[in-house]
Amino acid sequence: MNFQVLHFDSVTSTQDIGRMLLRENVVIVAEEQRNGRGRRGRKWISPVGGLWMTVILKSEKNAHILPLLASVVVAKALDNLGVKCCLKWPNDILVEGKKVAGILGEIYDTHVLLGIGVNLQNEIPPELKEIATNLPMVNKEKLLMLILELLENTLSLTSKTILEEWRKYQCTLGRKVVIEDDGTVGVAMDIDENGFLIISTENGFKKIKAGTLRFME
Ligand code: BTN
């Protein structure tokens, strides 16, 4: 497949450039984003030093699983570079319990935009230091190349295999969690074939399609 990588200095968001292009197998990388966005309408602070990228893919029937795949790919790439990390549902990448990278999947018609943000040499703002961290020793170009190589090698995996790979890297299942959006509390049991989280609550099992999860212990 071979991705075509386009580098930019400063953009509003690599997702915005991706949306304008909607050309499959093109990758947008920016030094900084002035209006980076995260999941669920949050802001994603993206100064110079981090890896801010969007991969444009053709939307196939497994489009909704691709953000999970992207999180596995980032975890594998970091693992390859000697960084121990794990996945918090749905697709946050944690190092020593703090978020180091996040994935934003957006579907526009026939295309999926996989937005990947990894904190590297960028400073974490003081107000986020309790929950987020960076990896100053990781080389951005090396990480980018590894991510693209691993993505290329795993895009053809079935949804079932992608979910199995996610399970290998996760540190969510078996833990007591709260879904901040609706207050669901319980033990995270598994993910289903859509990547939805199954939680065992005191009122029985509940499936969570999307949301923000916090570990309770
Ligand atoms: C999250 O965890 O909330 C997702 C964060 C995704 C951030 C990346 S950085 C590159 C791409 N462009 C954006 O504006 N967001 C994604």
# chains A, B, ... in the order shown; residues from 1 in each chain; ligands from 1
call {"tool": "select_by_dssp", "arguments": {"residues": "chain A", "states": "strand (DSSP E)", "output": "NGL selection string"}}
result
:A and (4-11 or 26-33 or 51-58 or 86-88 or 92-95 or 98-108 or 111-118 or 176-179 or 184-191 or 197-201 or 204-208 or 213-215)
call {"tool": "residues_near_ligand", "arguments": {"ligand": "ligand 1", "cutoff": "9 Å", "atoms": "only C-alpha atoms and all ligand atoms", "output": "MDAnalysis selection string"}}
result
chainID A and resid 12:16 28:30 33:46 50:55 91:93 99 101:105 113:118
call {"tool": "select_by_dssp", "arguments": {"residues": "region 96-179 of chain A", "states": "alpha helix (DSSP H)", "output": "list of chain:residue names"}}
result
A:Lys140, A:Glu141, A:Lys142, A:Leu143, A:Leu144, A:Met145, A:Leu146, A:Ile147, A:Leu148, A:Glu149, A:Leu150, A:Leu151, A:Glu152, A:Asn153, A:Thr154, A:Ser159, A:Lys160, A:Thr161, A:Ile162, A:Leu163, A:Glu164, A:Glu165, A:Trp166, A:Arg167, A:Lys168, A:Tyr169
call {"tool": "write_last_selection", "arguments": {"atoms": "N, CA, C and O atoms", "output": "compact mmCIF listing (two decimals), in the first residue's frame"}}
result
# COMPACT_ATOMS: atom_id res chain seq x y z
N LYS A 140 10.61 11.00 17.17
CA LYS A 140 9.32 11.16 16.49
C LYS A 140 9.28 10.46 15.13
O LYS A 140 8.33 9.77 14.80
N GLU A 141 10.33 10.65 14.33
CA GLU A 141 10.36 10.07 12.99
C GLU A 141 10.34 8.54 13.05
O GLU A 141 9.64 7.87 12.28
N LYS A 142 11.13 8.00 13.99
CA LYS A 142 11.18 6.54 14.17
C LYS A 142 9.80 6.01 14.53
O LYS A 142 9.33 5.01 13.99
N LEU A 143 9.15 6.70 15.45
CA LEU A 143 7.83 6.26 15.90
C LEU A 143 6.83 6.34 14.75
O LEU A 143 6.05 5.41 14.53
N LEU A 144 6.88 7.42 13.99
CA LEU A 144 5.97 7.58 12.86
C LEU A 144 6.15 6.42 11.87
O LEU A 144 5.17 5.80 11.43
N MET A 145 7.40 6.12 11.53
CA MET A 145 7.67 5.05 10.56
C MET A 145 7.18 3.70 11.07
O MET A 145 6.58 2.91 10.34
N LEU A 146 7.43 3.45 12.36
CA LEU A 146 6.99 2.18 12.96
C LEU A 146 5.47 2.06 12.95
O LEU A 146 4.91 1.00 12.63
N ILE A 147 4.81 3.15 13.30
CA ILE A 147 3.34 3.14 13.33
C ILE A 147 2.81 2.81 11.94
O ILE A 147 1.93 1.96 11.77
N LEU A 148 3.37 3.46 10.92
CA LEU A 148 2.87 3.24 9.55
C LEU A 148 3.14 1.81 9.08
O LEU A 148 2.31 1.18 8.44
N GLU A 149 4.32 1.31 9.44
CA GLU A 149 4.66 -0.07 9.04
C GLU A 149 3.71 -1.06 9.71
O GLU A 149 3.14 -1.95 9.06
N LEU A 150 3.51 -0.89 11.01
CA LEU A 150 2.63 -1.81 11.74
C LEU A 150 1.18 -1.68 11.26
O LEU A 150 0.47 -2.68 11.17
N LEU A 151 0.77 -0.48 10.94
CA LEU A 151 -0.60 -0.27 10.48
C LEU A 151 -0.80 -0.99 9.14
O LEU A 151 -1.78 -1.69 8.92
N GLU A 152 0.17 -0.80 8.28
CA GLU A 152 0.09 -1.44 6.96
C GLU A 152 -0.01 -2.96 7.09
O GLU A 152 -0.76 -3.61 6.37
N ASN A 153 0.75 -3.50 8.05
CA ASN A 153 0.76 -4.96 8.22
C ASN A 153 -0.46 -5.50 8.93
O ASN A 153 -0.67 -6.71 8.97
N THR A 154 -1.25 -4.63 9.55
CA THR A 154 -2.37 -5.15 10.35
C THR A 154 -3.74 -4.73 9.82
O THR A 154 -4.75 -5.20 10.33
N SER A 159 -11.87 -8.26 12.18
CA SER A 159 -12.27 -7.56 13.40
C SER A 159 -11.99 -8.43 14.63
O SER A 159 -11.55 -7.94 15.67
N LYS A 160 -12.23 -9.73 14.46
CA LYS A 160 -12.04 -10.65 15.59
C LYS A 160 -10.58 -10.61 16.06
O LYS A 160 -10.30 -10.54 17.25
N THR A 161 -9.66 -10.65 15.10
CA THR A 161 -8.23 -10.65 15.45
C THR A 161 -7.83 -9.30 16.04
O THR A 161 -7.03 -9.24 16.98
N ILE A 162 -8.39 -8.22 15.49
CA ILE A 162 -8.07 -6.89 16.03
C ILE A 162 -8.48 -6.82 17.51
O ILE A 162 -7.72 -6.35 18.36
N LEU A 163 -9.66 -7.36 17.81
CA LEU A 163 -10.14 -7.34 19.20
C LEU A 163 -9.25 -8.21 20.09
O LEU A 163 -8.99 -7.87 21.24
N GLU A 164 -8.79 -9.32 19.53
CA GLU A 164 -7.88 -10.18 20.31
C GLU A 164 -6.57 -9.44 20.60
O GLU A 164 -6.02 -9.54 21.70
N GLU A 165 -6.07 -8.74 19.60
CA GLU A 165 -4.83 -7.96 19.79
C GLU A 165 -5.05 -6.89 20.86
O GLU A 165 -4.19 -6.63 21.68
N TRP A 166 -6.22 -6.24 20.80
CA TRP A 166 -6.53 -5.20 21.80
C TRP A 166 -6.49 -5.81 23.20
O TRP A 166 -5.93 -5.21 24.13
N ARG A 167 -7.07 -7.01 23.32
CA ARG A 167 -7.11 -7.67 24.65
C ARG A 167 -5.69 -7.91 25.18
O ARG A 167 -5.45 -7.84 26.38
N LYS A 168 -4.74 -8.18 24.28
CA LYS A 168 -3.36 -8.46 24.71
C LYS A 168 -2.73 -7.23 25.35
O LYS A 168 -1.88 -7.34 26.22
N TYR A 169 -3.10 -6.05 24.87
CA TYR A 169 -2.44 -4.82 25.35
C TYR A 169 -3.25 -4.06 26.39
O TYR A 169 -2.78 -3.06 26.92
call {"tool": "closest_residue", "arguments": {"among": "A:Arg23, A:Lys129, A:Lys76, A:Lys88", "to": "Thr212 (chain A)", "atoms": "only C-alpha atoms"}}
result
A:Lys88
call {"tool": "closest_residue", "arguments": {"among": "A:Met216, A:Met20, A:Val26, A:Val112", "to": "Arg175 (chain A)", "atoms": "only C-alpha atoms"}}
result
A:Met216
call {"tool": "closest_residue", "arguments": {"among": "A:Asn119, A:Thr110, A:Asn194, A:Thr172", "to": "Arg19 (chain A)", "atoms": "only C-alpha atoms"}}
result
A:Thr110
call {"tool": "closest_residue", "arguments": {"among": "A:Ile56, A:Met137, A:Cys171, A:Cys86", "to": "Leu21 (chain A)", "atoms": "only C-alpha atoms"}}
result
A:Ile56
call {"tool": "residues_around", "arguments": {"residues": "Ala75 (chain A)", "least_positions_apart": "5", "cutoff": "9 Å", "atoms": "only C-alpha atoms", "output": "MDAnalysis selection string"}}
result
chainID A and resid 70 80 83:87 93:94 169
call {"tool": "residues_around", "arguments": {"residues": "Val185 (chain A)", "least_positions_apart": "4", "cutoff": "10 Å", "atoms": "only C-alpha atoms", "output": "ChimeraX atom specification"}}
result
/A:176-180,199-202,206,213-216
call {"tool": "closest_residue", "arguments": {"among": "A:Leu68, A:Val73, A:Leu81, A:Ile191", "to": "Lys207 (chain A)", "atoms": "only C-alpha atoms"}}
result
A:Ile191
